[in-house]
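Read through the structure below, which is laid out as structure tokens, and then see the notes.
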Amino acid sequence: MVKRYILPILAYLVPTFALGFVWHLVLFEGYYAALGIYRSDIIVPFGFVAILVQGSIFAWLYDKAFAQASGSWLARGLAFAAVGGLLSWTFTTLAVAAKNVMTSVPDYLLIETAFTAVQWIMVGPLTALAFAAARAPSGPGAASMQAREAA
């Protein structure tokens, strides 16, 4: 059972961690510095663990709420991106803006909303594709079985 979640968790973890690192600490480092929101000694492993936990929960959510939905894997992935992105936005953007000290709440909302949109445009379809790959039959006769199921 846990094995079927490995690819979907990675579909969240890898792009989210890579994008998060590059977005927050390289591309827009000056923007975030001007917001005065981050500590000078960011603890990257905490971020990694948080993303791993999020990925596990989002993989479970996809499996329970989207994996068996009708439509193509891409349609399921985009629906998941809309729901997951909105949920994620509430705790990574709205809640942070509500309680953290920063120089400009509107500037923070803008940059983090953009981040969340880019993140979920990648993560939603990748998660759907990972579940589709994990559920795809393999071995002799798998191609003909998939063709019969698609017809």
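Chains: A, B, ... in order of the structure tokens. Residues: from 1 per chain. Ligands: from 1, in order shown.
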
Near segment 12-31 of chain A, 7 Å: segment 42-137 of chain A residue rows, closest pairs, only C-alpha atoms, as a Markdown table:
```
| residue | atom | partner | partner_atom | distance |
| --- | --- | --- | --- | --- |
| A:Phe48 | CA | A:Phe17 | CA | 6.7 |
| A:Ile51 | CA | A:Leu13 | CA | 6.0 |
| A:Leu52 | CA | A:Leu13 | CA | 5.9 |
| A:Gly55 | CA | A:Tyr12 | CA | 5.2 |
| A:Gln119 | CA | A:Thr16 | CA | 6.2 |
| A:Val123 | CA | A:Tyr12 | CA | 5.5 |
| A:Thr127 | CA | A:Tyr12 | CA | 6.8 |
```

Take the residues from that selection and put them in a file with C-alpha atoms, as a PDB file, in the first residue's frame.
```pdb
ATOM      1  CA  PHE A  48      12.159  19.765   3.336  1.00  0.00           C
ATOM      2  CA  ILE A  51       7.146  19.515   2.104  1.00  0.00           C
ATOM      3  CA  LEU A  52       7.526  15.751   2.657  1.00  0.00           C
ATOM      4  CA  GLY A  55       3.319  15.618  -0.133  1.00  0.00           C
ATOM      5  CA  GLN A 119       3.745  25.142  -7.981  1.00  0.00           C
ATOM      6  CA  VAL A 123       2.239  19.385  -9.027  1.00  0.00           C
ATOM      7  CA  THR A 127       0.522  13.744  -9.163  1.00  0.00           C
TER       8      THR A 127
END
```

Run DSSP on the backbone of this structure and report the residues of chain A it assigns to helix (DSSP H, G or I), as a count of residues only. 122

Might you pull out every residue within 9 Å of segment 89-101 of chain A, with only C-alpha atoms counted and same-chain residues fewer than 5 positions away left off, and present them as a PyMOL selection string? chain A and resi 35-37+84+106+108-109+112-113+116-117

Residues just named, written with C-alpha atoms as a PDB file, in the first residue's frame:
```
ATOM      1  CA  LEU A  35       9.535  42.130   2.783  1.00  0.00           C
ATOM      2  CA  GLY A  36      11.531  41.474   5.945  1.00  0.00           C
ATOM      3  CA  ILE A  37       9.690  38.226   6.532  1.00  0.00           C
ATOM      4  CA  GLY A  84      -4.866  21.558  -3.716  1.00  0.00           C
ATOM      5  CA  PRO A 106      -0.052  43.130  -0.650  1.00  0.00           C
ATOM      6  CA  TYR A 108       3.655  39.224  -0.051  1.00  0.00           C
ATOM      7  CA  LEU A 109       0.224  38.127  -1.269  1.00  0.00           C
ATOM      8  CA  GLU A 112       3.224  33.935  -2.810  1.00  0.00           C
ATOM      9  CA  THR A 113       0.066  33.658  -4.911  1.00  0.00           C
ATOM     10  CA  THR A 116       1.457  28.740  -5.398  1.00  0.00           C
ATOM     11  CA  ALA A 117       0.003  28.974  -8.922  1.00  0.00           C
TER      12      ALA A 117
END
```

With only C-alpha atoms as the basis for distance, which of A:Ala50, A:Met122, A:Val44, A:Ile111 is at the shortest distance from Leu78 of chain A?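 Looking only at the distances to Leu78 of chain A, the closest residue turns out to be A:Met122.
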
Please, what distance in Å, to one decimal, runs between atom CA of Ala82 of chain A and atom CA of Gly124 of chain A?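 Atom CA of Gly124 of chain A lies 8.0 Å from atom CA of Ala82 of chain A.
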
Pick from A:Val53, A:Met102, A:Leu61, A:Leu87, whichever lies nearest to Ala33 of chain A using only C-alpha atoms: A:Met102

Of the candidates A:Ala81, A:Ala114, A:Ile43, A:Ala59, which shows the shortest atom-to-atom distance to Ile6 of chain A, using only C-alpha atoms?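 The shortest atom-to-atom distance to Ile6 of chain A comes from A:Ala59.
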
Hey, which of A:Tyr5, A:Tyr38, A:Trp73, A:Phe58 ends up closest to Trp120 of chain A? Count only C-alpha atoms.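 Of A:Tyr5, A:Tyr38, A:Trp73, A:Phe58, the one nearest Trp120 of chain A, counting only C-alpha atoms, is A:Phe58.
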
Please provide the set of residues having any atom within 8 Å of Phe80 of chain A, restricted to only C-alpha atoms, with same-chain residues fewer than 4 positions apart removed, written as a ChimeraX atom specification. /A:62,66,76,84-85,124-125

Writing out the chosen residues with C-alpha atoms as a CSV table (one decimal), in the first residue's frame:
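The resulting file, selection29.csv, is shown below:
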```
chain,number,residue,atom,x,y,z
A,62,TYR,CA,-5.6,12.7,-4.4
A,66,PHE,CA,-9.5,12.3,-7.4
A,76,ARG,CA,-8.0,14.9,-12.8
A,84,GLY,CA,-4.9,21.6,-3.7
A,85,GLY,CA,-3.7,25.0,-4.8
A,124,GLY,CA,-1.4,18.7,-9.9
A,125,PRO,CA,-0.8,17.0,-13.3
```

Between atom CA of Ile9 of chain A and atom CA of Tyr32 of chain A, what distance in Å does the model show, to one decimal? 27.7 Å

As an exercise, work out the distance from atom CA of Gly77 of chain A to atom CA of Phe115 of chain A in Å and give it to one decimal place.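 Pair atom CA of Gly77 of chain A / atom CA of Phe115 of chain A returns 18.0 Å.
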